[in-house]
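J.: Below is a structure I'd like to ask you about.
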Amino acid sequence: MSPPTPLASREQAREMRFSSYWTQDLNDVFTDVAPYYDRANRVASLGLWDWFLSRFMSVVGGRPGERVLDVCAGTNAIGIALLQREPSLEVHAMDRSAAMQEVGQQRAQARGLRIHSVIGDVHELPFPDNHFDVVTLQFASRHLRVKRVFEEIHRVLKPGGRFCHCDMLRPANPVVEKLYYGYLRSCLVLTAVLFRSGPAAVNCKKYFIDALQMFYTADELSGVLRDIGYRDVAVKSLLGGMIGIHRATKPE
């Protein structure tokens with residue numbers, strides 16, 4: 001594996017490498033995968049997808065009456081899980097993909113749950129300062145300008161509010177990293193065949209691995225959060241650092 005870009009210039013390097021893909025191609029990918037997104041992830045994770053969600057939810061918590069924002073909400077897995085556990089929550093979901101949110105709203109409505117949906121660019125959150133008790137973000141940061149989004153989340157959190165993050169990360173161990181990418185390449189081919197993916201999703205295979213190779217380890221992402229101004233940053237690493245779950249607080 002080639003060495004990762006130095007941390008100080010990582011965001012600039014990521015944007016230079018992937019900006020056109022983020023702005024032009026990902027909408028087509030998410031429109032393609034939206035109908036089978038959850039099923040494909042269960043296959044690719046060897047059935048661990050719901051376990052990842054359970055581990056993340058144990059970190060998120062959720063107190064009666066809190067206002068929660070799920071950023072890059074996709075098919076509303078987080079919002080649904082939160083409301084099933086604490087129905088008094090006010091849950092908002094924001095995603096760039098109308099197709100993903102359409103599936104997510106159908107899933108929520110089928111369970112009798114209400115999630116307020118906004119379609120837009122999560123780098124510019126359309127909410128006032130100090131507005132949410134909790135903000136969540138799961139399995140999307142690899143496709144984002146991380147510092148910009150984390151700064152926006154910091155802005156909309158109330159003082160003392162919690163930011164909970166979960167994503168696939170770059171393992172710190174180079175042996176684990178090599179095995180990880182090899183497995184993911186095989187999974188991407190398998191799921192494309194099983195679910196008859198369209199050209200947009202099929203053509204994203206190289207980008208998917210490249211984005212991980214230039215992403216952060218669990219400890220590096222903790223440092224990004226601290227640099228932005230979050231406090232009480234804690235992380236749980238799963239599967240040798242392949243998955244990281246972070247929880248951080250906006251200072252009082």
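Each chain in the structure tokens gets a letter, A, B, ..., in the order shown, and its residues are numbered from 1; ligands are numbered from 1 in order too.
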Within 6 Å of region 220-230 of chain A, counting only C-alpha atoms, which residues qualify if same-chain residues fewer than 2 places away don't, as a ChimeraX atom specification?
T.: /A:216-218,248-250
J.: I'd like the contact shell of Lys206 (chain A) - 12 Å cut-off, only C-alpha atoms, skipping same-chain residues fewer than 2 positions apart - returned as a PDB file with N, CA and C atoms, in the first residue's frame.
T.:
```
ATOM      1  N   PHE A  18     -10.995  13.683  -5.436  1.00  0.00           N
ATOM      2  CA  PHE A  18     -12.353  13.144  -5.571  1.00  0.00           C
ATOM      3  C   PHE A  18     -13.451  14.180  -5.810  1.00  0.00           C
ATOM      4  N   TYR A  21     -15.897  13.568  -8.614  1.00  0.00           N
ATOM      5  CA  TYR A  21     -16.735  12.399  -8.351  1.00  0.00           C
ATOM      6  C   TYR A  21     -17.824  12.748  -7.345  1.00  0.00           C
ATOM      7  N   TYR A 181      -8.993  -4.377   1.880  1.00  0.00           N
ATOM      8  CA  TYR A 181      -9.250  -3.918   0.523  1.00  0.00           C
ATOM      9  C   TYR A 181      -9.490  -5.099  -0.420  1.00  0.00           C
ATOM     10  N   GLY A 182      -8.767  -6.189  -0.205  1.00  0.00           N
ATOM     11  CA  GLY A 182      -8.982  -7.363  -1.032  1.00  0.00           C
ATOM     12  C   GLY A 182     -10.387  -7.918  -0.877  1.00  0.00           C
ATOM     13  N   LEU A 184     -13.040  -6.199   0.160  1.00  0.00           N
ATOM     14  CA  LEU A 184     -14.005  -5.237  -0.362  1.00  0.00           C
ATOM     15  C   LEU A 184     -14.095  -5.302  -1.887  1.00  0.00           C
ATOM     16  N   ARG A 185     -12.975  -5.502  -2.549  1.00  0.00           N
ATOM     17  CA  ARG A 185     -13.016  -5.618  -4.015  1.00  0.00           C
ATOM     18  C   ARG A 185     -13.887  -6.804  -4.435  1.00  0.00           C
ATOM     19  N   SER A 186     -13.734  -7.907  -3.728  1.00  0.00           N
ATOM     20  CA  SER A 186     -14.545  -9.085  -4.047  1.00  0.00           C
ATOM     21  C   SER A 186     -16.020  -8.818  -3.775  1.00  0.00           C
ATOM     22  N   LEU A 188     -17.637  -5.951  -3.779  1.00  0.00           N
ATOM     23  CA  LEU A 188     -18.209  -5.019  -4.747  1.00  0.00           C
ATOM     24  C   LEU A 188     -18.590  -5.728  -6.044  1.00  0.00           C
ATOM     25  N   VAL A 189     -17.756  -6.662  -6.463  1.00  0.00           N
ATOM     26  CA  VAL A 189     -18.079  -7.443  -7.665  1.00  0.00           C
ATOM     27  C   VAL A 189     -19.299  -8.325  -7.411  1.00  0.00           C
ATOM     28  N   ALA A 200     -23.562   3.205 -13.127  1.00  0.00           N
ATOM     29  CA  ALA A 200     -23.040   4.166 -12.150  1.00  0.00           C
ATOM     30  C   ALA A 200     -22.432   3.458 -10.953  1.00  0.00           C
ATOM     31  N   ALA A 201     -23.131   2.444 -10.423  1.00  0.00           N
ATOM     32  CA  ALA A 201     -22.626   1.713  -9.263  1.00  0.00           C
ATOM     33  C   ALA A 201     -21.454   0.810  -9.640  1.00  0.00           C
ATOM     34  N   VAL A 202     -21.539   0.174 -10.785  1.00  0.00           N
ATOM     35  CA  VAL A 202     -20.451  -0.721 -11.223  1.00  0.00           C
ATOM     36  C   VAL A 202     -19.151   0.058 -11.388  1.00  0.00           C
ATOM     37  N   ASN A 203     -19.254   1.258 -11.932  1.00  0.00           N
ATOM     38  CA  ASN A 203     -18.058   2.052 -12.209  1.00  0.00           C
ATOM     39  C   ASN A 203     -17.453   2.704 -10.971  1.00  0.00           C
ATOM     40  N   CYS A 204     -18.100   2.557  -9.813  1.00  0.00           N
ATOM     41  CA  CYS A 204     -17.597   3.206  -8.600  1.00  0.00           C
ATOM     42  C   CYS A 204     -16.627   2.328  -7.828  1.00  0.00           C
ATOM     43  N   PHE A 208     -14.310   3.562  -4.643  1.00  0.00           N
ATOM     44  CA  PHE A 208     -14.650   3.108  -3.294  1.00  0.00           C
ATOM     45  C   PHE A 208     -13.385   2.741  -2.523  1.00  0.00           C
ATOM     46  N   ILE A 209     -12.472   2.006  -3.154  1.00  0.00           N
ATOM     47  CA  ILE A 209     -11.231   1.610  -2.491  1.00  0.00           C
ATOM     48  C   ILE A 209     -10.287   2.802  -2.368  1.00  0.00           C
ATOM     49  N   ASP A 210     -10.173   3.596  -3.417  1.00  0.00           N
ATOM     50  CA  ASP A 210      -9.291   4.768  -3.366  1.00  0.00           C
ATOM     51  C   ASP A 210      -9.698   5.720  -2.247  1.00  0.00           C
ATOM     52  N   ALA A 211     -11.006   5.907  -2.058  1.00  0.00           N
ATOM     53  CA  ALA A 211     -11.482   6.814  -1.013  1.00  0.00           C
ATOM     54  C   ALA A 211     -11.096   6.318   0.372  1.00  0.00           C
ATOM     55  N   LEU A 212     -11.145   5.012   0.566  1.00  0.00           N
ATOM     56  CA  LEU A 212     -10.721   4.448   1.859  1.00  0.00           C
ATOM     57  C   LEU A 212      -9.224   4.597   2.069  1.00  0.00           C
ATOM     58  N   GLN A 213      -8.430   4.375   1.027  1.00  0.00           N
ATOM     59  CA  GLN A 213      -6.984   4.481   1.152  1.00  0.00           C
ATOM     60  C   GLN A 213      -6.546   5.884   1.533  1.00  0.00           C
TER      61      GLN A 213
END
```
J.: For His143 (chain A), which residue among A:Val176, A:Leu239, A:Val29, A:Ala81 is the nearest when counting only C-alpha atoms?
T.: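 Among the listed residues, the smallest separation from His143 (chain A) belongs to A:Val29.
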J.: Env of Pro35 (chain A): 10 Å cut, atoms = only C-alpha atoms, seq-sep filter 6 positions within chain, self excluded. Answer as a ChimeraX atom specification.
T.: /A:75,99-100,102-104,195
J.: Looking only at the backbone, which of the residues in region 12-240 of chain A does DSSP tag as strand (DSSP E or B), as a VMD selection string?
T.: chain A and resid 67 to 71 90 to 95 116 to 119 132 to 138 157 to 168 231 to 238
J.: What is the distance between CA of Asn76 (chain A) and CA of Glu252 (chain A), in Å to one decimal?
T.: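 Distance reported for this atom pair: 29.2 Å.
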J.: Tell me, in Å to one decimal, how far CA of Ala108 (chain A) is from CA of Gly79 (chain A).
T.: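 It comes out at 8.2 Å.
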J.: Considering only C-alpha atoms, can you say which of A:Leu89, A:Val175, A:Met168, A:Ile119 comes closest to Ala73 (chain A)?
T.: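 Once distances to Ala73 (chain A) are computed over only C-alpha atoms, the minimum belongs to A:Ile119.
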